[in-house]
Structure formats: C-alpha cells, structure tokens
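Quick notes on the structure that follows.
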Amino acid sequence: MDGTFLMRFQAFILIVVITSQCASAGLIKYVHVHMTNNLGDGTIIYLHCLRNSEEMGHQQIPYNWTCLWKFKQRANLILLCDANIQGAKELRFVAYNKSMDSCKNNCDWKFTQQGVFQYDNGEWKFRYTWPH
Ligand SMILES: *[C@@H]1O[C@H](CO)[C@@H](O)[C@H](O)[C@H]1NC(C)=O
Ligand SMILES: *[C@@H]1O[C@H](CO)[C@@H](O)[C@H](O)[C@H]1NC(C)=O
C-alpha cells in the first residue's frame, strides 16, 4: 500500500491525524512523509523523489496543499527529493532517513519563502535555504 497523494489540510487537522496514527500504530509500521506548500498564493512546488533508488514519480504541490508519501518501514530507508520553485535553483534534500533520530514514523516538511522547515520535537526547525 505504497502511495503518494495530495491533501488539503489545516495545520490543526494535520496534527490530529498524526497523533491518531501514532496512537493506533499496529504491527505493520508505516512511514508517513508530508510536505506542505506554504510559499504563498499562486505558487507550485515541483517535486521529484526517489526511495532508495526506486522512482517515486513527479508531484506538484499547489499552495496550501500537502503531499503525502506512505510506505512500509524497512532498514536503510531513504527518501531523496528534488524540489523546484520559481525563482530558486533546484533543492536536493533527504526527506527521510531511517538512521536519523529526529524523524521516525512521521516526517513533516513545510516549504516557505524563507526556506524549508522540518517538524522536530514539537516545533518547526529551519533546515534548508533555497539555493540561488
Ligand atoms: C492558506 O492557508 C492559510 C492558513 O490556513 C489561510 O489563511 C489562507 O486563506 C489560505 N489561502 C488559500 C488561497 O487557500
Ligand atoms: C542517513 O543517516 C546516516 C546516519 O546519520 C548517515 O550516515 C547517512 O549518510 C544518511 N544518508 C543520507 C543519504 O543522508
């Protein structure tokens, strides 16, 4: 049941959904990676991701929308993404790395004009600036 899809989320609902997924975690562990476009009205983020070396396709995230990747937990899982926005060079970043502590079964990213933030330990932490 691996997949990618877009959702429209309010931040509040996002937190409720994540909390209930954590609470109901069963035998099969899934990794959820969310990416939200908070760049501003009329913007689009073009994404291209690879899970290890497997092609995950191209996605477009309109303003205020969230893209979700869901896949089964396994060893050495890496999600590597290229993000493109208007007015910046392509940003390549590691969206999920199982070996890292900060992000286990839920990884949340938000893209703003100021850069890319990751939800970590209850707060949004700055991770990347847009390359120029
Ligand atoms: C985007 O989300 C913000 C925060 O919830 C809201 O204030 C704004 O009206 C939304 N804009 C659009 C175009 O949906
Ligand atoms: C994933 O995390 C491990 C441990 O921090 C690190 O050694 C490895 O280089 C990371 N992989 C990538 C692709 O960032």
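By order in the structure tokens, chains are A, B, ...; within a chain, residues start at 1; ligands start at 1, following the order shown.
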
Near-ligand residues for ligand 2, threshold 7 Å, only C-alpha atoms and all ligand atoms, as a PDB file with N, CA, C and O atoms, in the first residue's frame:
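Contents of part_16.pdb, freshly written:
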ATOM      1  N   ILE A  78      15.602   5.430   2.658  1.00  0.00           N
ATOM      2  CA  ILE A  78      15.980   6.818   2.364  1.00  0.00           C
ATOM      3  C   ILE A  78      15.012   7.381   1.324  1.00  0.00           C
ATOM      4  O   ILE A  78      14.761   6.735   0.308  1.00  0.00           O
ATOM      5  N   VAL A  94      17.333  15.262   1.745  1.00  0.00           N
ATOM      6  CA  VAL A  94      16.936  13.951   2.254  1.00  0.00           C
ATOM      7  C   VAL A  94      15.659  14.156   3.068  1.00  0.00           C
ATOM      8  O   VAL A  94      15.674  14.751   4.133  1.00  0.00           O
ATOM      9  N   ASN A  97      15.320   9.661   6.385  1.00  0.00           N
ATOM     10  CA  ASN A  97      16.489   8.798   6.565  1.00  0.00           C
ATOM     11  C   ASN A  97      16.263   8.021   7.850  1.00  0.00           C
ATOM     12  O   ASN A  97      16.301   8.584   8.935  1.00  0.00           O
ATOM     13  N   LYS A  98      15.980   6.732   7.699  1.00  0.00           N
ATOM     14  CA  LYS A  98      15.627   5.900   8.848  1.00  0.00           C
ATOM     15  C   LYS A  98      16.681   5.945   9.952  1.00  0.00           C
ATOM     16  O   LYS A  98      16.365   5.817  11.133  1.00  0.00           O
ATOM     17  N   SER A  99      17.925   6.147   9.559  1.00  0.00           N
ATOM     18  CA  SER A  99      19.016   6.146  10.546  1.00  0.00           C
ATOM     19  C   SER A  99      19.046   7.410  11.404  1.00  0.00           C
ATOM     20  O   SER A  99      19.757   7.459  12.392  1.00  0.00           O
ATOM     21  N   MET A 100      18.269   8.416  10.988  1.00  0.00           N
ATOM     22  CA  MET A 100      18.285   9.666  11.751  1.00  0.00           C
ATOM     23  C   MET A 100      17.253   9.631  12.870  1.00  0.00           C
ATOM     24  O   MET A 100      16.160   9.136  12.694  1.00  0.00           O
TER      25      MET A 100
END

Close residues, A:Asp120 itself excluded, 9 Å, only C-alpha atoms, min 4 positions apart in chain, as JSON, numbers by chain: {"A": [102, 103, 107, 108, 124, 125]}

Nearby residues (only C-alpha atoms) at most 12 Å from A:Tyr96, same-chain spacing under 5 positions excluded, as a PyMOL selection string: chain A and resi 31-35+49-52+69-71+73-74+76-81+101-109+118

Requested write-out: C-alpha atoms of the selected residues, as a PDB file, in the first residue's frame:
ATOM      1  CA  VAL A  31       6.370   5.806   7.438  1.00  0.00           C
ATOM      2  CA  HIS A  32       4.421   8.933   6.543  1.00  0.00           C
ATOM      3  CA  VAL A  33       6.193  11.843   4.956  1.00  0.00           C
ATOM      4  CA  HIS A  34       4.167  15.037   4.476  1.00  0.00           C
ATOM      5  CA  MET A  35       5.230  18.084   2.524  1.00  0.00           C
ATOM      6  CA  CYS A  49      11.612  11.823  -5.245  1.00  0.00           C
ATOM      7  CA  LEU A  50      13.497   8.557  -5.132  1.00  0.00           C
ATOM      8  CA  ARG A  51      13.016   5.976  -2.402  1.00  0.00           C
ATOM      9  CA  ASN A  52      16.455   4.393  -2.198  1.00  0.00           C
ATOM     10  CA  TRP A  69       4.134   9.585   0.923  1.00  0.00           C
ATOM     11  CA  LYS A  70       3.277   6.426   2.825  1.00  0.00           C
ATOM     12  CA  PHE A  71       5.473   3.360   2.759  1.00  0.00           C
ATOM     13  CA  GLN A  73       9.147   0.790   7.351  1.00  0.00           C
ATOM     14  CA  ARG A  74      12.300  -1.077   6.454  1.00  0.00           C
ATOM     15  CA  ASN A  76      18.088   1.785   5.462  1.00  0.00           C
ATOM     16  CA  LEU A  77      15.064   3.568   4.073  1.00  0.00           C
ATOM     17  CA  ILE A  78      15.980   6.818   2.364  1.00  0.00           C
ATOM     18  CA  LEU A  79      13.665   9.240   0.578  1.00  0.00           C
ATOM     19  CA  LEU A  80      15.652  11.675  -1.513  1.00  0.00           C
ATOM     20  CA  CYS A  81      13.821  14.573  -3.171  1.00  0.00           C
ATOM     21  CA  ASP A 101      16.697  10.170  15.169  1.00  0.00           C
ATOM     22  CA  SER A 102      14.749  13.341  14.514  1.00  0.00           C
ATOM     23  CA  CYS A 103      12.143  11.739  12.269  1.00  0.00           C
ATOM     24  CA  LYS A 104      10.861   8.216  12.842  1.00  0.00           C
ATOM     25  CA  ASN A 105       7.422   7.239  11.512  1.00  0.00           C
ATOM     26  CA  ASN A 106       6.172  10.724  10.728  1.00  0.00           C
ATOM     27  CA  CYS A 107       8.147  13.303   8.857  1.00  0.00           C
ATOM     28  CA  ASP A 108       6.655  16.704   8.205  1.00  0.00           C
ATOM     29  CA  TRP A 109       8.099  19.306   5.927  1.00  0.00           C
ATOM     30  CA  GLN A 118      11.036  20.197   9.365  1.00  0.00           C
TER      31      GLN A 118
END

List as an MDAnalysis selection string the protein and nucleic acid residues near stretch 82-86 of chain A, meaning an atom at most 9 Å away when only C-alpha atoms are counted, but skip any in the same chain fewer than 3 places from it. chainID A and resid 43:50 89:94 130

Selection to disk with C-alpha atoms, as an mmCIF file, in the first residue's frame:
data_model
loop_
_atom_site.group_PDB
_atom_site.id
_atom_site.type_symbol
_atom_site.label_atom_id
_atom_site.label_comp_id
_atom_site.auth_asym_id
_atom_site.auth_seq_id
_atom_site.Cartn_x
_atom_site.Cartn_y
_atom_site.Cartn_z
ATOM 1 C CA THR A 43 2.839 29.077 -6.100
ATOM 2 C CA ILE A 44 3.542 25.483 -7.079
ATOM 3 C CA ILE A 45 6.284 23.166 -5.825
ATOM 4 C CA TYR A 46 7.548 20.619 -8.331
ATOM 5 C CA LEU A 47 8.885 17.538 -6.607
ATOM 6 C CA HIS A 48 10.755 14.518 -7.785
ATOM 7 C CA CYS A 49 11.612 11.823 -5.245
ATOM 8 C CA LEU A 50 13.497 8.557 -5.132
ATOM 9 C CA LYS A 89 17.641 26.647 -8.117
ATOM 10 C CA GLU A 90 16.727 23.039 -7.513
ATOM 11 C CA LEU A 91 16.995 21.947 -3.893
ATOM 12 C CA ARG A 92 18.056 18.357 -3.292
ATOM 13 C CA PHE A 93 17.349 17.111 0.212
ATOM 14 C CA VAL A 94 16.936 13.951 2.254
ATOM 15 C CA TRP A 130 16.529 27.868 -1.333
#

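Nearest residue to ligand 1 among A:Asn64, A:Asn37, A:Gln59, A:Ser53 is A:Asn64, counting only C-alpha atoms and all ligand atoms.
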
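Proximity to A:Pro62 was assessed for A:Phe111, A:Glu123, A:Gly87, A:Lys29 counting only C-alpha atoms; the smallest distance is recorded for A:Phe111.
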
Counting only C-alpha atoms, figure out which residue out of A:Thr112, A:Ala75, A:Ala95, A:Ile28 gets nearest to A:Asp41. A:Thr112
